[in-house]
Every structure is written in C-alpha cells, then in structure tokens.
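**Q** This structure is in structure tokens; I'll ask about it shortly.
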Amino acid sequence: MVALAAPVAAVVLAPREAAAQVEDDLREGDRHFEDGEWRKAGAAYDRAIKKYPSQVTPGAYAKRAAIFINLKDLEGGLKFLREVARKTHPDAAELLEQEAVILWQLGRKGDAIPVAEKAVAAKDSSYAAQLLLGEYYAARDAAKTIKAYKAYLAHRPAELEANDVLPRARLGFALLSQGDYKGAEEQFDTLQRKHSKRRHALVNAENGLCAAYTGLGKYDQAITVCEKIVRDPRRVDANASAWFNLARAYVNKKQYARARTAATEYTKVKPKEAKGQILIGDTYFQESSYERALEYYLKAEKMPSLRGQLKTDLLIKLGFTYKSLPKPDYAAAIERLASGYKETGDVQIGAALADAHLATRDDKEALKIADQLAGRKDFDKQPAATRKAVLVVAGKASYNLKKVKDARDRFEKAVALAPDVQNRRLLVQTITFQAYQSFTKGEYKQVEELLAEAGKVDENDASLRLNRAVVDLKQGQCERAQKLLAGLKDNDTYRVSYHRLTARTWLCVDKPDRKKAAEHYAIADREVKKLNDNLMQAEIYTEWAPLTWDQNLDAAVSNLTDAVQFAQQEPRILEAAKRNLAVALFKRGWRNMKDGKSGEAYSDFERASREPKLLKGIEPLAFEFSLALAALDKGDTGEAAKLFKALAGKGNQAAYLKPPYSKNGSQFFAAYSNYRAGTPAQRQTAATEFEKLQSGASGSFAQKIKDLIASSYEFVAYDHWKNGSEGKASKALGSAAKYADGDMKRRIEHNRAVLDMGTKQIKVFEGLGGSPPEALVNLGILYDQQGKAKDAYEAWTKAKARGAAGKDLSKWIDAKKRIYGFN
C-alpha cells in the first residue's frame with residue numbers, strides 16, 4: 001500500500017570553487033541563496049554567468065535553476081537550463097537533474113524520465129533524479145524501481161531522511177515482487193523502527209513485513225503482523241495481500257481451517273486471482289481432502305490470471321492431487337478389473353481389483369474380494385507373492401474397518417509368507433493398536449503382554465520401547481520407564497518424545513529432580529519447533545510451565561497461552577493447558593500486586609478466573625478474592641465492593657483467608673471499598689458496615705475497625721461541612737468521637753470546636769496543647785477577636801513552627817509584627 005508522493009524538492013549541489021574573476025558574484029549569490037533571498041541571489045548568479053559563463057560551475061547553474069523553482073517560475077527555469085546553462089555544460093548531471101525535476105513538476109513526466117536517466121547515467125549520486133525514476137517505475141518496472149531507490153537512499157543527504165517513507169515502502173514492495181524477501185524485510189523494518197509515526201509509514205511497514213516474513217518462512221512473526229492488520233479492515237491494502245500472506249503462513253503452521261478462512265477473505269477482494277483458489281486448494285490438500293483440493297485447483301486452472309510460474313506450480317499440484325485421488329483412470333481400471341475378474345476368476349486380477357478398491361478407500365469391497373480370494377480351494381497353490389498381496393489387502397481393509405483382531409490374523413499370515421520389513425511393521429502397528437485399546441480401558445497387564453508379542457515380531461522397533469515406557473509411567477514405574485527411554489536417546493525419530501517423557505520420569509522417580517526435568521523439557525521444546533508439531537508443543541508447554549514459573553513467570557504465561565491456542569482441537573490437552581495458564585496468571589497477578597501494578601494484576605486475575613470449572617477446591621474463591629483486591633487497589637471501588645459482597649455471600653472464608661480476616665474478611669474489604677470510594681453516601685455505608693463487624697472482632701483487628709469507623713464518620717462530617725450542613729457535620733463528628741482514640745480523637749475534638757467557634761472554645765483549643773497544630777491557629781483567631789494581639793501572635797507563631805496549615809497564617813504573623821513590633 002503506497003500513498004501519493006509528496007512534491008519533489010529542487011536539488012541543490014554545492015558548487016566547485018569559482019574562478020577568481022567570478023568569485024565575488026558567486027559568493028554573493030551563495031550568501032543570498034542561503035538566506036532565502038532568491039531574487040538577490042539570482043541577480044548575483046546572473047552577473048557571474050553573463051560575464052564569464054564558462055567559468056561558472058554546473059553547481060552554480062543548478063542553484064540558479066533552483067531559484068526559478070523556488071520562485072514558481074518553472075517555465076523560466078526550463079528555458080534557462082536549455083538556452084543558457086546547458087549551452088555551457090550540455091552533459092552536466094547537475095543540470096540534467098534540475099531539468100528533470102522541473103519537467104516532472106510541470107506534469108511532463110514522460111519528458112522528465114529520459115532526462116533523469118541521462119542524469120543518473122552521468123552521475124549515479126543524482127539522488128533527486130533517482131527519486132523521480134523510482135516513483136515513475138514503481139508501477140511499471142520492479143528492477144528499475146529497486147535500482148533507483150537504492151541509489152537514492154545511498155546518496156540522499158542525511159537531512160532528507162525524514163522523507164524516506166515512500167521511497168522505502170516502494171523499494172520494499174518492489175523487492176517483494178522480485179522474491180528478495182530479506183531485502184524487503186530490511187526496508188520495512190527500517191520503516192517501522194525509524195518512521196512509524198509518519199503518515200503511511202506504519203501501514204506500509206506492516207503490510208510489507210507480513211509478506212516478507214511469510215516469504216522468509218518466519219511464519220510465527222508473519223501471523224502476528226498479518227493478524228494485526230486484518231483486525232482493522234482499513235489497514236488491509238487494495239490487493240488484500242495481508243489476507244493472502246496470513247493464509248500462507250497458516251498453511252505452513254498447519255492451521256488449515258484458519259488458512260482457508262483467510263484465503264476466502266482474499267478471494268472476496270480478488271475474485272479473479274487464481275492464486276486465491278490455489279491457496280484454498282492447498283489447505284484441503286494438506287488435510288488430505290484431495291477432492292476439495294482438486295475442485296479449487298480446477299477453478300484456478302480456468303482463470304485468465306493463471307500464467308508463468310503460478311501456472312507451472314498449479315500443474316505440479318494437480319499432478320500430486322490426481323495421484324492422491326481415485327483418478328478417472330483409476331475408476332476405469334476398477335471397471336476393467338471387475339469385468340476381467342468376473343470372466344476369468346484369476347487370483348492376480350482379483351488381488352489387483354481388491355487393491356484398487358482399497359486405494360479408493362472402499363475397504364468393505366476390498367475386504368470382501370480379498371476374503372473371497374483367500375477362501376478359495378486353490379489359494380494355497382497361488383504364488384507366494386500373490387497370496388501375500390491378498391492377505392495384506394485384507395489386513396489393511398480390516399484395520400481400516402476397526403476389525404483389529406482380523407487384521408492381526410491376516411498380517412501374521414502375510415509375515416509367515418514373507419517376513420519383510422513392511423509386513424512386520426504392519427503387524428507391529430496392528431498389535432500396538434490392540435495394546436492401545438487395552439490401555440484406554442486401564443488393562444495394563446494386557447497392554448504389557450501385547451507389547452511383548454509385538455516385540456517378538458520386531459524387537460528393534462523403537463516405538464515398542466516408547467510405548468512400554470508410557471505404560472510404566474501410567475503405573476508409576478518411573479525408574480523402569482526411565483531405563484526404557486534411555487534406549488531412545490540417540491533415536492532421531494523419537495527425539496522429542498524421549499526428552500518429554502524423560503522429563504516426566506524425573507518428576508516421579510524416588511528422588512525427583514525438577515531441574516533435570518526442566519532441562520529435558522527445554523530440549524524437547526527446541527526439537528519440536530523443528531517439526532512444527534503444535535499439538536506436541538502444547539503438551540510440552542503444559543507440562544513444563546509448572547517447573548519454570550517460579551523462575552520466569554512471564555515466559556510460562558506466554559508458553560501456556562500458546563499451548564491453549566495450539567490445543568483447541570484436543571480437549572484432553574486443552575483443559576490441562578487452560579488450568580495451568582489460570583494458575584500462572586494468578587501467580588503473576590500477585591507478583592504485579594506486590595510491584596504496585598494493580599491494573600495489570602486485575603487483568604491477570606480476571607483472565608485466570610474466566611473458567612471456574614478449571615479450578616479446584618477453594619481456588620475459585622481465592623481467585624475471585626484476589627480479583628476484588630486488585631480492583632480495590634486500582635481504584636475501582638464500586639467493582640471491588642460488588643465482588644467482596646458476592647464473596648461474603650458464598651462463605652467459607654476461613655479456607656482461603658488467614659486470621660483475623662478468616663471470619664469476615666470479605667465483608668471487611670467490601671466495607672473498606674466503600675470507605676475508599678469517596679462519596680458521602682458510600683462512606684456512611686462503610687461506617688455502618690464497619691459497626692456491624694465490630695462485635696466479631698478482637699485485638700488489633702478490632703482496634704483497626706474502630707479506627708476505620710471513626711475515620712468514616714470523620715469523612716462524612718467533612719463532606720457535610722463542605723456542603724454547608726454544619727448540623728449534620730456536628731452529628732457525624734459526635735459519632736466519630738465514640739470510636740476515636742489518640743491523635744484522631746484530638747482531631748475530632750478540634751473539628752467539633754471549630755464548628756462551634758466562639759469564646760467558649762478557647763479552653764478547648766488551649767487544652768489541645770497544639771495537637772493538632774491547627775488548634776493553635778484557631779486559638780489565635782479567638783485571642784485576636786478578644787483583642788489579645790500578643791497572645792494571638794504567640795499562638796500563630798507556635799502553629800507555624802509546628803507545620804500548621806493555613807495560607808494566611810504568615811500574613812497574620814507579619815501584620816502583628818508590623819503593627820505591634822512583636823519579635
């Protein structure tokens with residue numbers, strides 16, 4: 001997505017040193033040019049040119065041309081260049097460059113380009129000409145665009161870097177079109193890092209990186225960037241490239257349903273583009289839905305946009321698809337084989353027919369024919385290869401139909417005829433499936449017996465060792481499982497399973513070693529990334545996270561988040577991943593609370609609490625309580641109060657709260673939320689709620705509640721006083737006084753005296769003895785009202801020394817000094 005270009009600025013090149021006889025005029029011209037005095041500068045350059053045209057450098061002529069541009073006299077500038085400047089320096093790159101700029105600005109782009117090409121041919125560093133060429137060829141010739149913009153970026157002055165947005169964007173897209181994804185990535189990365197706040201920069205950078213990452217095989221990065229784009233339709237370019245590249249990345253990450261959705265969005269925007277249909281076909285091919293793949297490939301084949309390499313690629317895909325499908329020739333083959341078998345009864349033809357039906361997934365027909373052949377009286381007289389072929393078809397068809405016992409019988413007979421690797425592998429696979437069926441029923445002894453039988457068929461089959469280890473782990477035989485797994489240490493096929501299962505053994509052996517377990521999980525993680533097996537990755541992350549979240553909690557949360565995404569289609573793994581993610585988020589929530597990041601803590605607790613069914617025992621209550629505390633800590637007192645009240649109604653607080661909060665902690669924090677809320681009504685409510693809690697409290701907790709009751713009423717009094725309701729304020733202070741102790745009691749006594757300010761309160765303020773210091777301020781006021789200036793002065797001086805509030809206090813003291821001469 002490239003926006004319209006900004007006007008091209010005139011090029012100014014430093015002139016070479018002028019000859020002695022024109023030096024004064026050129027210096028004067030340069031001075032006026034730098035000061036922006038275009039007419040004076042032009043006059044000075046004209047004098048030099050008129051006197052000594054051959055001694056004026058191309059650079060000086062170029063400056064004179066630039067003055068015409070700055071004065072909006074483009075035609076005059078063009079005439080000057082052609083009739084004056086180029087007569088003296090006909091091939092100077094500086095002058096050709098200025099002529100190209102003027103022609104471009106006059107709208108004569110067709111005339112400007114040949115001149116610009118001459119300029120860069122003469123001098124590659126003619127950056128303005130390169131800029132024109134880059135913009136002109138951006139929609140015409142990718143190779144020329146790349147050459148021009150690379151030269152521009154290499155030679156343009158550093159002060160013009162701010163204008164790099166469109167050149168880098170166009171260069172990046174041109175590189176993409178040529179398959180230079182690394183070069184494109186560099187341009188778009190620079191655009192994002194250095195110019196993200198400039199117009200058009202970020203949207204071009206993101207669309208470009210989406211394509212570049214996909215082309216480079218950086219599919220995780222591509223998905224992250226592309227998904228960000230498509231969430232906002234305004235950021236998707238006219239070619240819907242983000243949808244297309246997102247689909248490609250999904251395909252390579254084996255997320256085929258998502259890839260199909262993205263490719264379909266692409267086809268909505270570009271319905272005539274063959275590559276969209278091909279991409280949808282690819283998703284079905286990867287899912288082995290070959291018929292659907294063929295359907296979309298054939299659609300693409302009919303589209304006019306199919307040409308070049310795309311057409312070649314499609315032909316290759318069609319070839320593979322037809323191989324994987326029951327081909328039209330295949331159907332004809334079945335028809336002919338059936339006719340021939342009916343006429344002749346030939347076992348070899350019958351075996352081929354059964355195999356053809358097996359290839360078309362007609363297992364019932366394949367098994368029917370194979371069993372008919374095997375039951376013939378002359379079957380034992382057939383060549384061993386023919387009998388083996390029939391038995392293998394019968395075994396495969398039975399296996400596909402879940403007739404595992406029958407499949408094993410057929411494969412055992414085939415192995416007896418020809419104990420080759422393929423036949424033994426089929427037999428081992430079938431016995432292993434029998435073992436799996438017993439495993440799911442918890443019949444572990446039967447599983448061990450079946451695996452032992454499979455071992456007699458092929459003792460070197462590594463999968464048997466792996467499966468035995470799984471059974472041992474299930475039964476808690478961790479040491480034995482560890483020994484079995486040791487034999488797979490150097491087996492590349494089972495490298496991931498070896499490290500993952502070995503990690504599990506270190507958690508359940510007699511002397512567990514979490515560190516070694518974590519090390520094996522780390523290796524399994526590295527290895528599974530090479531396989532792009534997201535489901536296995538999810539299992540590893542789910543099991544590994546509890547070992548690492550005490551050391552790197554953020555990484556554990558990130559990995560578990562990925563595990564949840566990867567395991568969407570596998571409930572067994574998904575539930576475990578979700579639960580571990582909830583626990584990790586809960587832990588991180590408390591870490592954020594300790595760090596003072598209550599907003600982030602609230603977010604973590606909220607995510608952790610979304611699915612209470614994943615939690616165990618008192619966890620739902622503890623998670624909800626933590627969420628309420630985070631809400632309170634971040635200032636959302638209304639939400640906190642609501643949550644705490646709901647928790648209070650659920651009871652069982654002693655299960656998740658320590659004394660003194662174990663009895664009524666939720667009620668306490670609900671009241672405290674109202675106390676923190678700041679409105680008179682909520683503070684009144686808080687006072688009432690705290691009073692209800694007082695009877696069940698003891699010790700320091702009871703004192704805390706008492707202090708909060710007094711403080712709540714004190715706040716209520718203050719709110720009434722601000723609103724002019726002195727009577728209500730006095731009543732509230734009276735309530736506060738019942739619960740206040742120490743400094744709070746003195747403060748309340750002081751405030752009650754302020755409400756009744758008069759001569760009678762002198763003794764009260766005197767009795768407070770300067771605590772709080774505001775008592776001295778008010779005492780001074782009463783002294784002053786009685787004409788006791790000296791006493792007032794002394795009271796105010798003491799109040800100021802003790803840090804009393806009052807913006808007029810210093811003025812009062814100074815006034816007494818001035819009037820009475822107090823020291």
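Residues in the structure tokens are named by chain (A, B, ... in the order shown) and by number from 1 within that chain; ligands are numbered from 1 in the order shown.
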Leaving out stretch 396-408 of chain A and any residue of its chain fewer than 3 positions from it, which residues lie within 9 Å of it when counting only C-alpha atoms, given as a list in words?

**A**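 These residues fall inside the cut-off: Leu358, Arg361, Asp362, Asp363, Lys364, Glu365, Ala366, Leu367, Leu391, Val392, Val393, Phe411, Glu412, Lys413, Leu426, Leu427, Val428, Thr430, Ile431, Phe433 and Gln434 of chain A.
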
**Q** Those same residues, written as a tab-separated table (two decimals), in the first residue's frame with N, CA and C atoms?

**A**
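So the final result, stored in selection36.tsv, reads:
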```tsv
chain	number	residue	atom	x	y	z
A	358	LEU	N	-9.20	-50.79	-2.29
A	358	LEU	CA	-8.55	-50.29	-1.08
A	358	LEU	C	-8.01	-48.89	-1.31
A	361	ARG	N	-10.45	-46.38	-0.98
A	361	ARG	CA	-10.99	-46.41	0.38
A	361	ARG	C	-12.31	-47.18	0.47
A	362	ASP	N	-12.51	-48.03	-0.47
A	362	ASP	CA	-13.67	-48.92	-0.41
A	362	ASP	C	-13.23	-50.19	0.33
A	363	ASP	N	-13.04	-50.02	1.65
A	363	ASP	CA	-12.47	-51.12	2.45
A	363	ASP	C	-13.38	-52.34	2.50
A	364	LYS	N	-14.67	-52.10	2.56
A	364	LYS	CA	-15.60	-53.24	2.62
A	364	LYS	C	-15.51	-54.09	1.35
A	365	GLU	N	-15.49	-53.40	0.22
A	365	GLU	CA	-15.40	-54.14	-1.05
A	365	GLU	C	-14.03	-54.80	-1.17
A	366	ALA	N	-13.01	-54.08	-0.75
A	366	ALA	CA	-11.66	-54.63	-0.80
A	366	ALA	C	-11.57	-55.88	0.08
A	367	LEU	N	-12.12	-55.80	1.31
A	367	LEU	CA	-12.08	-56.94	2.22
A	367	LEU	C	-12.93	-58.11	1.68
A	391	LEU	N	-3.45	-61.12	1.34
A	391	LEU	CA	-3.51	-61.05	2.80
A	391	LEU	C	-3.24	-59.63	3.31
A	392	VAL	N	-2.32	-58.94	2.67
A	392	VAL	CA	-2.01	-57.56	3.08
A	392	VAL	C	-3.20	-56.65	2.83
A	393	VAL	N	-3.86	-56.80	1.66
A	393	VAL	CA	-5.06	-56.00	1.39
A	393	VAL	C	-6.14	-56.30	2.42
A	411	PHE	N	-2.24	-60.18	8.85
A	411	PHE	CA	-0.85	-59.73	8.79
A	411	PHE	C	0.11	-60.83	9.29
A	412	GLU	N	-0.30	-61.60	10.29
A	412	GLU	CA	0.54	-62.70	10.78
A	412	GLU	C	0.76	-63.74	9.67
A	413	LYS	N	-0.30	-64.01	8.91
A	413	LYS	CA	-0.16	-64.96	7.80
A	413	LYS	C	0.75	-64.39	6.70
A	426	LEU	N	3.57	-53.57	9.59
A	426	LEU	CA	2.11	-53.56	9.62
A	426	LEU	C	1.58	-54.40	10.77
A	427	LEU	N	2.22	-55.55	11.01
A	427	LEU	CA	1.79	-56.41	12.10
A	427	LEU	C	2.04	-55.75	13.45
A	428	VAL	N	3.22	-55.16	13.63
A	428	VAL	CA	3.53	-54.47	14.88
A	428	VAL	C	2.54	-53.32	15.11
A	430	THR	N	-0.51	-53.12	14.12
A	430	THR	CA	-1.82	-53.66	14.48
A	430	THR	C	-1.84	-54.14	15.93
A	431	ILE	N	-0.79	-54.84	16.36
A	431	ILE	CA	-0.73	-55.31	17.74
A	431	ILE	C	-0.65	-54.11	18.70
A	433	PHE	N	-1.98	-51.25	18.20
A	433	PHE	CA	-3.31	-50.66	18.29
A	433	PHE	C	-4.17	-51.47	19.27
A	434	GLN	N	-4.01	-52.79	19.25
A	434	GLN	CA	-4.70	-53.61	20.24
A	434	GLN	C	-4.28	-53.21	21.65
```

**Q** Can you work out the spacing between atom CA of A:Val347 and atom CA of A:Asp409 in Å, to one decimal?

**A**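 Between atom CA of A:Val347 and atom CA of A:Asp409 the gap is 20.3 Å.
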
**Q** At a cut-off of 9 Å, using only C-alpha atoms, what residues contact A:Tyr152? Leave out same-chain residues fewer than 6 positions from it and give the result as a short mmCIF file (atom, residue, chain, number, x, y, z; two decimals) with all heavy atoms, in the first residue's frame.

**A**
```cif
data_model
loop_
_atom_site.label_atom_id
_atom_site.label_comp_id
_atom_site.auth_asym_id
_atom_site.auth_seq_id
_atom_site.Cartn_x
_atom_site.Cartn_y
_atom_site.Cartn_z
N ASP A 124 25.72 8.78 -10.81
CA ASP A 124 24.81 7.89 -10.07
C ASP A 124 24.27 8.54 -8.80
O ASP A 124 23.21 8.20 -8.32
CB ASP A 124 25.52 6.59 -9.73
CG ASP A 124 24.58 5.56 -9.12
OD1 ASP A 124 23.61 5.19 -9.82
OD2 ASP A 124 24.80 5.15 -7.97
N SER A 125 25.01 9.49 -8.23
CA SER A 125 24.60 10.12 -6.98
C SER A 125 23.59 11.23 -7.16
O SER A 125 23.29 11.97 -6.21
CB SER A 125 25.83 10.66 -6.24
OG SER A 125 26.48 11.64 -7.03
N SER A 126 23.03 11.38 -8.36
CA SER A 126 21.98 12.39 -8.60
C SER A 126 20.70 11.91 -7.94
O SER A 126 19.80 11.35 -8.59
CB SER A 126 21.79 12.59 -10.11
OG SER A 126 22.99 13.00 -10.73
N TYR A 127 20.61 12.15 -6.65
CA TYR A 127 19.57 11.48 -5.86
C TYR A 127 18.16 11.94 -6.23
O TYR A 127 17.20 11.16 -6.17
CB TYR A 127 19.82 11.68 -4.37
CG TYR A 127 19.75 13.11 -3.89
CD1 TYR A 127 18.54 13.67 -3.49
CD2 TYR A 127 20.90 13.89 -3.82
CE1 TYR A 127 18.47 14.98 -3.04
CE2 TYR A 127 20.84 15.20 -3.39
CZ TYR A 127 19.62 15.75 -2.99
OH TYR A 127 19.55 17.04 -2.57
N ALA A 128 17.99 13.23 -6.61
CA ALA A 128 16.64 13.70 -6.97
C ALA A 128 16.17 13.03 -8.25
O ALA A 128 15.00 12.66 -8.38
CB ALA A 128 16.63 15.21 -7.13
N ALA A 129 17.08 12.85 -9.20
CA ALA A 129 16.72 12.14 -10.42
C ALA A 129 16.40 10.68 -10.10
O ALA A 129 15.46 10.10 -10.67
CB ALA A 129 17.87 12.23 -11.43
N GLN A 130 17.16 10.10 -9.21
CA GLN A 130 16.88 8.71 -8.81
C GLN A 130 15.50 8.61 -8.15
O GLN A 130 14.77 7.64 -8.35
CB GLN A 130 17.95 8.21 -7.83
CG GLN A 130 19.36 8.17 -8.38
CD GLN A 130 19.60 6.99 -9.32
OE1 GLN A 130 18.66 6.39 -9.84
NE2 GLN A 130 20.87 6.69 -9.58
N LEU A 131 15.15 9.63 -7.37
CA LEU A 131 13.84 9.63 -6.73
C LEU A 131 12.71 9.67 -7.77
O LEU A 131 11.71 8.96 -7.64
CB LEU A 131 13.72 10.84 -5.78
CG LEU A 131 12.44 10.95 -4.96
CD1 LEU A 131 12.32 9.76 -4.02
CD2 LEU A 131 12.42 12.25 -4.17
N GLY A 134 12.52 6.27 -9.41
CA GLY A 134 11.90 5.29 -8.53
C GLY A 134 10.39 5.42 -8.51
O GLY A 134 9.66 4.42 -8.61
N PRO A 167 9.85 6.24 -0.46
CA PRO A 167 10.92 5.52 -1.15
C PRO A 167 11.17 4.14 -0.56
O PRO A 167 11.29 3.16 -1.29
CB PRO A 167 12.14 6.44 -0.98
CG PRO A 167 11.55 7.80 -0.88
CD PRO A 167 10.27 7.63 -0.13
#
```

**Q** Need to verify the contact set: A:Arg376, 12 Å, only C-alpha atoms, exclusion of same-chain residues closer than 6 positions in sequence. Can you return it as an MDAnalysis selection string?

**A** chainID A and resid 345:347 350 369:370 382 387 390

**Q** With C-alpha atoms retained, export the selected residues as a PDB file, in the first residue's frame.

**A**
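Listing of part.pdb after writing:
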```pdb
ATOM      1  CA  GLY A 345     -11.707 -65.596 -11.744  1.00  0.00           C
ATOM      2  CA  ASP A 346      -7.946 -65.001 -11.888  1.00  0.00           C
ATOM      3  CA  VAL A 347      -6.492 -64.507  -8.383  1.00  0.00           C
ATOM      4  CA  GLY A 350      -8.791 -60.258  -8.108  1.00  0.00           C
ATOM      5  CA  ILE A 369     -12.899 -59.557  -2.536  1.00  0.00           C
ATOM      6  CA  ALA A 370      -9.722 -60.388  -0.573  1.00  0.00           C
ATOM      7  CA  GLN A 382      -1.026 -69.457  -5.809  1.00  0.00           C
ATOM      8  CA  ARG A 387      -1.072 -64.740  -1.568  1.00  0.00           C
ATOM      9  CA  VAL A 390      -4.191 -60.646  -0.936  1.00  0.00           C
TER      10      VAL A 390
END
```

**Q** Can you list, as an mmCIF file with N, CA, C and O atoms, in the first residue's frame, every protein, DNA or RNA residue that comes within 10 Å of A:Glu519 when you count only C-alpha atoms, leaving out same-chain residues fewer than 2 positions away?

**A**
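Final output, saved to result.cif:
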```cif
data_model
loop_
_atom_site.group_PDB
_atom_site.id
_atom_site.type_symbol
_atom_site.label_atom_id
_atom_site.label_comp_id
_atom_site.auth_asym_id
_atom_site.auth_seq_id
_atom_site.Cartn_x
_atom_site.Cartn_y
_atom_site.Cartn_z
ATOM 1 N N HIS A 499 12.786 -36.858 25.172
ATOM 2 C CA HIS A 499 13.070 -35.800 26.146
ATOM 3 C C HIS A 499 11.824 -35.441 26.961
ATOM 4 O O HIS A 499 11.915 -35.215 28.174
ATOM 5 N N ARG A 500 10.670 -35.419 26.320
ATOM 6 C CA ARG A 500 9.451 -35.075 27.052
ATOM 7 C C ARG A 500 9.124 -36.126 28.116
ATOM 8 O O ARG A 500 8.844 -35.807 29.274
ATOM 9 N N ALA A 503 11.636 -36.211 30.942
ATOM 10 C CA ALA A 503 11.335 -35.119 31.876
ATOM 11 C C ALA A 503 10.272 -35.557 32.882
ATOM 12 O O ALA A 503 10.385 -35.309 34.083
ATOM 13 N N ARG A 514 13.583 -31.743 39.748
ATOM 14 C CA ARG A 514 12.847 -30.785 38.893
ATOM 15 C C ARG A 514 13.778 -30.086 37.904
ATOM 16 O O ARG A 514 13.379 -29.750 36.792
ATOM 17 N N LYS A 515 15.015 -29.877 38.319
ATOM 18 C CA LYS A 515 15.961 -29.201 37.439
ATOM 19 C C LYS A 515 16.232 -30.039 36.196
ATOM 20 O O LYS A 515 16.213 -29.529 35.066
ATOM 21 N N LYS A 516 16.476 -31.338 36.379
ATOM 22 C CA LYS A 516 16.725 -32.211 35.232
ATOM 23 C C LYS A 516 15.475 -32.326 34.360
ATOM 24 O O LYS A 516 15.566 -32.374 33.132
ATOM 25 N N ALA A 517 14.326 -32.379 35.014
ATOM 26 C CA ALA A 517 13.078 -32.434 34.246
ATOM 27 C C ALA A 517 12.949 -31.200 33.363
ATOM 28 O O ALA A 517 12.622 -31.299 32.171
ATOM 29 N N TYR A 521 12.692 -30.870 29.228
ATOM 30 C CA TYR A 521 11.587 -30.163 28.568
ATOM 31 C C TYR A 521 12.122 -29.068 27.643
ATOM 32 O O TYR A 521 11.575 -28.828 26.558
ATOM 33 N N ALA A 522 13.173 -28.398 28.068
ATOM 34 C CA ALA A 522 13.758 -27.334 27.239
ATOM 35 C C ALA A 522 14.287 -27.905 25.922
ATOM 36 O O ALA A 522 14.109 -27.314 24.852
ATOM 37 N N ILE A 523 14.922 -29.073 25.999
ATOM 38 C CA ILE A 523 15.426 -29.711 24.772
ATOM 39 C C ILE A 523 14.262 -30.164 23.899
ATOM 40 O O ILE A 523 14.268 -29.982 22.675
ATOM 41 N N ALA A 524 13.241 -30.752 24.528
ATOM 42 C CA ALA A 524 12.059 -31.176 23.769
ATOM 43 C C ALA A 524 11.422 -29.990 23.070
ATOM 44 O O ALA A 524 10.965 -30.088 21.916
ATOM 45 N N ASP A 525 11.408 -28.846 23.747
ATOM 46 C CA ASP A 525 10.836 -27.630 23.154
ATOM 47 C C ASP A 525 11.613 -27.215 21.910
ATOM 48 O O ASP A 525 11.025 -26.873 20.879
ATOM 49 N N TRP A 544 5.656 -28.376 31.160
ATOM 50 C CA TRP A 544 6.911 -27.691 31.510
ATOM 51 C C TRP A 544 6.670 -26.468 32.387
ATOM 52 O O TRP A 544 7.456 -26.154 33.289
ATOM 53 N N LEU A 547 7.302 -26.067 36.143
ATOM 54 C CA LEU A 547 8.701 -26.166 36.568
ATOM 55 C C LEU A 547 9.450 -24.860 36.392
ATOM 56 O O LEU A 547 10.545 -24.693 36.941
#
```

**Q** Take atom CA of A:Ala259 and atom CA of A:Ala174 and report the distance between them in Å, one decimal.

**A**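 Interatomic distance here is 25.5 Å.
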
**Q** Between A:Val583, A:Ile334, A:Lys511, A:Gly395, which one has atoms that come closest to A:His357, using only C-alpha atoms?

**A**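 For A:His357, the nearest of the candidates is A:Ile334.
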
**Q** Please, what distance in Å, to one decimal, runs between atom CA of A:Thr542 and atom CA of A:Gln255?

**A**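 So the answer is 19.7 Å.
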
**Q** From a DSSP calculation on the backbone, collect every residue of stretch 88-216 of chain A in helix (DSSP H, G or I) and output the set as a VMD selection string.

**A** chain A and resid 88 93 to 105 109 to 122 127 to 137 142 to 155 158 to 163 165 to 177 181 to 195 201 to 216

**Q** Might you pull out every residue within 6 Å of stretch 230-245 of chain A, with only C-alpha atoms counted and same-chain residues fewer than 6 positions away left off, and present them as a PyMOL selection string?

**A** chain A and resi 1+211+262-263+266

**Q** Take the residues from that selection and write them out as a PDB file, in the first residue's frame, keeping N, CA and C atoms.

**A**
```pdb
ATOM      1  N   MET A   1       0.849  -1.170   0.000  1.00  0.00           N
ATOM      2  CA  MET A   1       0.000   0.000   0.000  1.00  0.00           C
ATOM      3  C   MET A   1       0.890   1.226   0.000  1.00  0.00           C
ATOM      4  N   ALA A 211       4.231  -9.757   4.312  1.00  0.00           N
ATOM      5  CA  ALA A 211       4.633 -10.506   3.117  1.00  0.00           C
ATOM      6  C   ALA A 211       6.072 -11.019   3.236  1.00  0.00           C
ATOM      7  N   ALA A 262      -8.826 -17.190   5.881  1.00  0.00           N
ATOM      8  CA  ALA A 262      -8.055 -16.035   5.396  1.00  0.00           C
ATOM      9  C   ALA A 262      -8.032 -16.007   3.870  1.00  0.00           C
ATOM     10  N   ALA A 263      -7.814 -17.163   3.234  1.00  0.00           N
ATOM     11  CA  ALA A 263      -7.779 -17.221   1.767  1.00  0.00           C
ATOM     12  C   ALA A 263      -9.135 -16.850   1.176  1.00  0.00           C
ATOM     13  N   TYR A 266      -9.451 -13.247   1.071  1.00  0.00           N
ATOM     14  CA  TYR A 266      -8.673 -12.730  -0.058  1.00  0.00           C
ATOM     15  C   TYR A 266      -9.474 -12.827  -1.352  1.00  0.00           C
TER      16      TYR A 266
END
```

**Q** Quick one: residues within 8 Å of stretch 707-709 of chain A, only C-alpha atoms counted, chain neighbours fewer than 5 positions away excluded, as a PyMOL selection string?

**A** chain A and resi 686-688+690-691+736+739-741

**Q** Between A:Ile280, A:Ala582, A:Ala257, A:Leu216, which one has atoms that come closest to A:Ala608, using only C-alpha atoms?

**A**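 Nearest candidate to A:Ala608 out of A:Ile280, A:Ala582, A:Ala257, A:Leu216: A:Ala582.
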